[in-house]
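Novice: Below: one structure in structure tokens.
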Amino acid sequence: MALLSGKNALVTGASRGIGRAIALRLASEGANVAFTYLSSAEKAAALEDELKGMGVKAKACKSDAADATAADVLVKDIIETFGSLEVIVNNAGITRDGLLMRMTPEQFDEVIDINLKSVYNVTKAALRQLLKQKNGSIINMSSVVGVKGNAGQANYAASKAGIIGFSKSVALELGSRNIRCNAVAPGFIETEMTAALDPATVKSWGEAIPLRRGGTTDEVANVVLFLASDLSSYITGQVIHVDGGMLT
Ligand code: NAP
């Protein structure tokens, strides 16, 4: 039997990059997948079709992860459509890089709202349903930058470190109800987000990675699949690095 058959999943920010790979991987193991996007409507429609072509239910939802009311509406809608919600992948994220000296309050707040507050918004919106089910796996997308810090990314690092603290706290609060919560900390993964980095930075990162290359979106998605499935039934409160050994 497929690892996620009979399970319903929500992946935020899945129109592109890592989120897209996660949505496809969860569906490949039988999960019905609802996912969000903000501006990439065409890519989202194409992904919805692709998921349906895999024989699962799929639903593309335009929903700003930073908006708490939108998160409530989103989760209610998914539960009405699918009947339950067992897997939540809080993946939506952005960067607004700059040295602290030049970082505006808007750049700081935008990153915190979309990367960190969104995790609270969606998790809180789903909490009542998860508690009723006494079953759920929440997977939050952090980053090695949240563990180590990174010059020029004080806002991003703060948001990703916040996700780790949030995930561990949720694991402690909800473990007794059979609800697990873990974080994934990717290193350098080749997506549109990292394509924006200057080539010198990319080269120096590559040289510092023991496996001598960036990771693929599928390599992150495989770890999310593991955390979503019962293969990880005794794992909660952890941060799993998917970084080719970068922080080792
Ligand atoms: P990406 O290619 O830029 O894709 C970001 C996704 O998030 C898109 O689907 C985008 O939707 C969505 N999104 C952005 N703002 C949103 C909002 N307010 N509400 C809902 N959706 C929103 O990024 P990625 O590289 O795949 O990164 C995915 C996650 O992994 C992020 O949390 C990122 O911080 C984390 N991460 C990435 C790397 C890496 O090397 N790439 C490393 C560590 C951690 P639209 O297409 O509609 O804009």
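Identifiers for the structure tokens are assigned positionally: chains receive A, B, ... in sequence, residues are indexed from 1 per chain, and ligands are indexed from 1 in the order shown.
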Would you pick out the contacts of A:Lys168 at 10 Å or less, using only C-alpha atoms, so that residues sharing its chain but fewer than 5 positions from it are not included, and give the list as an NGL selection string?
Specialist: :A and (163 or 173 or 180-183 or 236-239)
Novice: Quick one: everything within 9 Å of A:Arg20, counting only C-alpha atoms, minus sequence neighbours fewer than 2 positions away in the same chain. Send it as number ranges by chain.
Specialist: A: 11, 13-18, 22-25, 35, 44, 47, 217, 221
Novice: Pull N, CA, C and O atoms from the residues just selected and write them as a CSV table (one decimal), in the first residue's frame.
Specialist:
```csv
chain,number,residue,atom,x,y,z
A,11,VAL,N,0.0,21.8,1.4
A,11,VAL,CA,1.4,22.3,1.3
A,11,VAL,C,1.3,23.7,0.9
A,11,VAL,O,0.6,24.1,-0.1
A,13,GLY,N,2.7,27.3,-0.5
A,13,GLY,CA,3.7,27.8,-1.4
A,13,GLY,C,4.2,26.6,-2.3
A,13,GLY,O,5.4,26.3,-2.3
A,14,ALA,N,3.3,26.0,-3.1
A,14,ALA,CA,3.7,24.9,-3.9
A,14,ALA,C,3.7,25.1,-5.4
A,14,ALA,O,3.8,24.2,-6.2
A,15,SER,N,3.5,26.3,-5.8
A,15,SER,CA,3.4,26.6,-7.2
A,15,SER,C,4.8,26.4,-7.9
A,15,SER,O,4.9,26.2,-9.1
A,16,ARG,N,5.9,26.5,-7.1
A,16,ARG,CA,7.2,26.5,-7.6
A,16,ARG,C,8.1,25.7,-6.7
A,16,ARG,O,7.8,25.5,-5.5
A,17,GLY,N,9.4,25.4,-7.1
A,17,GLY,CA,10.4,25.0,-6.2
A,17,GLY,C,10.2,23.8,-5.3
A,17,GLY,O,9.6,22.8,-5.8
A,18,ILE,N,10.6,24.0,-4.1
A,18,ILE,CA,10.6,22.9,-3.1
A,18,ILE,C,9.1,22.4,-2.9
A,18,ILE,O,8.8,21.2,-2.8
A,22,ILE,N,7.4,18.8,-3.3
A,22,ILE,CA,6.7,18.1,-2.1
A,22,ILE,C,5.3,17.7,-2.5
A,22,ILE,O,4.9,16.5,-2.2
A,23,ALA,N,4.6,18.6,-3.1
A,23,ALA,CA,3.2,18.2,-3.5
A,23,ALA,C,3.2,17.0,-4.4
A,23,ALA,O,2.4,16.0,-4.2
A,24,LEU,N,4.1,16.9,-5.3
A,24,LEU,CA,4.1,15.8,-6.3
A,24,LEU,C,4.5,14.5,-5.5
A,24,LEU,O,4.0,13.4,-5.8
A,25,ARG,N,5.5,14.6,-4.6
A,25,ARG,CA,6.0,13.4,-3.9
A,25,ARG,C,4.9,12.9,-3.0
A,25,ARG,O,4.8,11.6,-2.9
A,35,PHE,N,-2.9,22.8,-2.1
A,35,PHE,CA,-1.7,23.6,-2.0
A,35,PHE,C,-2.0,25.0,-2.2
A,35,PHE,O,-3.0,25.3,-2.9
A,44,ALA,N,0.2,27.2,-10.8
A,44,ALA,CA,-0.6,26.5,-9.8
A,44,ALA,C,-1.7,25.6,-10.5
A,44,ALA,O,-1.9,24.4,-10.1
A,47,LEU,N,0.0,22.6,-11.9
A,47,LEU,CA,0.3,21.6,-10.9
A,47,LEU,C,-1.0,20.8,-10.5
A,47,LEU,O,-1.0,19.6,-10.3
A,217,THR,N,15.3,19.7,-5.3
A,217,THR,CA,14.0,19.8,-4.7
A,217,THR,C,13.5,18.4,-4.3
A,217,THR,O,12.8,18.3,-3.2
A,221,ALA,N,12.0,16.9,-0.8
A,221,ALA,CA,10.7,16.3,-0.8
A,221,ALA,C,10.7,14.9,-0.2
A,221,ALA,O,9.7,14.5,0.5
```
Novice: Using only C-alpha atoms and all ligand atoms, what are the residues with an atom within 7 Å of ligand 1, set out as a count of residues only?
Specialist: 38
Novice: Calculate how many Å separate atom CA of A:Lys57 from atom CA of A:Val220, rounding to one decimal.
Specialist: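 Interatomic distance, atom CA of A:Lys57 to atom CA of A:Val220: 22.7 Å.
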Novice: Report as CSV the residues of stretch 36-105 of chain A within 9 Å of stretch 223-234 of chain A, each with its shortest atom pair and distance in Å (one decimal), using only C-alpha atoms, ordered by chain and increasing residue number.
Specialist:
```
residue,atom,partner,partner_atom,distance
A:Glu86,CA,A:Ala228,CA,8.4
A:Val87,CA,A:Ala228,CA,6.0
A:Ile88,CA,A:Ala228,CA,8.2
A:Val89,CA,A:Val224,CA,8.0
```
Novice: For atom CA of A:Leu74 and atom CA of A:Asp113, determine how far apart the two atoms are, in Å to one decimal place.
Specialist: 17.1 Å
Novice: List the spatial neighbours of A:Leu130 as a count of residues only - criterion: any atom at most 10 Å away, only C-alpha atoms, same-chain residues fewer than 3 positions off excluded.
Specialist: 19
Novice: List every residue of stretch 98-242 of chain A that DSSP, applied to the backbone of this structure, assigns to strand (DSSP E or B), and report them as a PyMOL selection string.
Specialist: chain A and resi 136-141+179-186+189+215+239-242
Novice: Can you list every residue in stretch 4-180 of chain A that DSSP puts in helix (DSSP H, G or I), as a count of residues only?
Specialist: 101
Novice: Show which residues sit within 8 Å of A:Ala58, as a ChimeraX atom specification. Count only C-alpha atoms, and ignore same-chain residues fewer than 3 positions away.
Specialist: /A:32-35,48-49,51-52
Novice: Next, the residues of the selection above should be written as an mmCIF file, in the first residue's frame with all heavy atoms.
Specialist:
```
data_model
loop_
_atom_site.group_PDB
_atom_site.id
_atom_site.type_symbol
_atom_site.label_atom_id
_atom_site.label_comp_id
_atom_site.auth_asym_id
_atom_site.auth_seq_id
_atom_site.Cartn_x
_atom_site.Cartn_y
_atom_site.Cartn_z
ATOM 1 N N ASN A 32 -4.067 12.920 -1.027
ATOM 2 C CA ASN A 32 -4.783 14.008 -1.688
ATOM 3 C C ASN A 32 -4.069 15.292 -1.275
ATOM 4 O O ASN A 32 -3.708 15.451 -0.108
ATOM 5 C CB ASN A 32 -6.240 14.059 -1.230
ATOM 6 C CG ASN A 32 -6.976 12.784 -1.586
ATOM 7 O OD1 ASN A 32 -6.850 12.282 -2.704
ATOM 8 N ND2 ASN A 32 -7.727 12.243 -0.634
ATOM 9 N N VAL A 33 -3.875 16.203 -2.218
ATOM 10 C CA VAL A 33 -3.036 17.366 -1.921
ATOM 11 C C VAL A 33 -3.741 18.685 -2.246
ATOM 12 O O VAL A 33 -4.111 18.934 -3.399
ATOM 13 C CB VAL A 33 -1.708 17.306 -2.704
ATOM 14 C CG1 VAL A 33 -0.857 18.543 -2.412
ATOM 15 C CG2 VAL A 33 -0.926 16.047 -2.352
ATOM 16 N N ALA A 34 -3.919 19.511 -1.213
ATOM 17 C CA ALA A 34 -4.311 20.904 -1.421
ATOM 18 C C ALA A 34 -3.040 21.726 -1.272
ATOM 19 O O ALA A 34 -2.175 21.392 -0.465
ATOM 20 C CB ALA A 34 -5.332 21.325 -0.375
ATOM 21 N N PHE A 35 -2.914 22.753 -2.076
ATOM 22 C CA PHE A 35 -1.706 23.574 -1.956
ATOM 23 C C PHE A 35 -2.034 25.027 -2.226
ATOM 24 O O PHE A 35 -3.037 25.347 -2.859
ATOM 25 C CB PHE A 35 -0.605 23.074 -2.904
ATOM 26 C CG PHE A 35 -0.905 23.288 -4.358
ATOM 27 C CD1 PHE A 35 -0.500 24.436 -5.019
ATOM 28 C CD2 PHE A 35 -1.608 22.330 -5.075
ATOM 29 C CE1 PHE A 35 -0.782 24.633 -6.363
ATOM 30 C CE2 PHE A 35 -1.891 22.521 -6.428
ATOM 31 C CZ PHE A 35 -1.472 23.670 -7.065
ATOM 32 N N GLU A 48 -2.096 21.571 -10.301
ATOM 33 C CA GLU A 48 -3.355 20.918 -9.910
ATOM 34 C C GLU A 48 -3.716 19.830 -10.920
ATOM 35 O O GLU A 48 -4.061 18.708 -10.546
ATOM 36 C CB GLU A 48 -4.476 21.959 -9.800
ATOM 37 C CG GLU A 48 -5.754 21.380 -9.248
ATOM 38 C CD GLU A 48 -6.897 22.381 -9.228
ATOM 39 O OE1 GLU A 48 -7.538 22.548 -10.286
ATOM 40 O OE2 GLU A 48 -7.140 22.998 -8.174
ATOM 41 N N ASP A 49 -3.589 20.144 -12.208
ATOM 42 C CA ASP A 49 -3.892 19.162 -13.259
ATOM 43 C C ASP A 49 -2.957 17.960 -13.172
ATOM 44 O O ASP A 49 -3.382 16.816 -13.319
ATOM 45 C CB ASP A 49 -3.749 19.806 -14.653
ATOM 46 C CG ASP A 49 -4.898 20.755 -14.949
ATOM 47 O OD1 ASP A 49 -5.903 20.708 -14.212
ATOM 48 O OD2 ASP A 49 -4.775 21.549 -15.906
ATOM 49 N N LEU A 51 -1.361 16.824 -10.573
ATOM 50 C CA LEU A 51 -1.681 16.008 -9.398
ATOM 51 C C LEU A 51 -2.920 15.148 -9.665
ATOM 52 O O LEU A 51 -2.941 13.950 -9.352
ATOM 53 C CB LEU A 51 -1.915 16.916 -8.182
ATOM 54 C CG LEU A 51 -0.675 17.650 -7.647
ATOM 55 C CD1 LEU A 51 -1.077 18.764 -6.680
ATOM 56 C CD2 LEU A 51 0.282 16.672 -6.963
ATOM 57 N N LYS A 52 -3.940 15.768 -10.262
ATOM 58 C CA LYS A 52 -5.164 15.002 -10.560
ATOM 59 C C LYS A 52 -4.853 13.863 -11.523
ATOM 60 O O LYS A 52 -5.417 12.776 -11.406
ATOM 61 C CB LYS A 52 -6.224 15.930 -11.161
ATOM 62 C CG LYS A 52 -6.892 16.819 -10.110
ATOM 63 C CD LYS A 52 -7.942 17.715 -10.730
ATOM 64 C CE LYS A 52 -8.632 18.560 -9.657
ATOM 65 N NZ LYS A 52 -9.362 19.700 -10.225
#
```
Novice: I need the residue nearest A:Ala9 from this list: A:Gly162, A:Gly206, A:Gly53, A:Gly83. Use only C-alpha atoms for the distance.
Specialist: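 Between A:Gly162, A:Gly206, A:Gly53, A:Gly83, the residue approaching A:Ala9 most closely is A:Gly83.
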Novice: Report, in Å to a single decimal, how far apart atom CA of A:Gly152 and atom CA of A:Thr201 are.
Specialist: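 Computing it gives 12.0 Å between the two atoms.
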Novice: Which one of A:Ile78, A:Phe166, A:Gly149, A:Asn90 sits closest to A:Gln129 if you count only C-alpha atoms?
Specialist: A:Ile78
Novice: Determine the nearest neighbour of A:Leu99 from the options A:Arg213, A:Thr69, A:Ala151, A:Val75, counting only C-alpha atoms.
Specialist: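 Closest to A:Leu99 of all the choices is A:Ala151.
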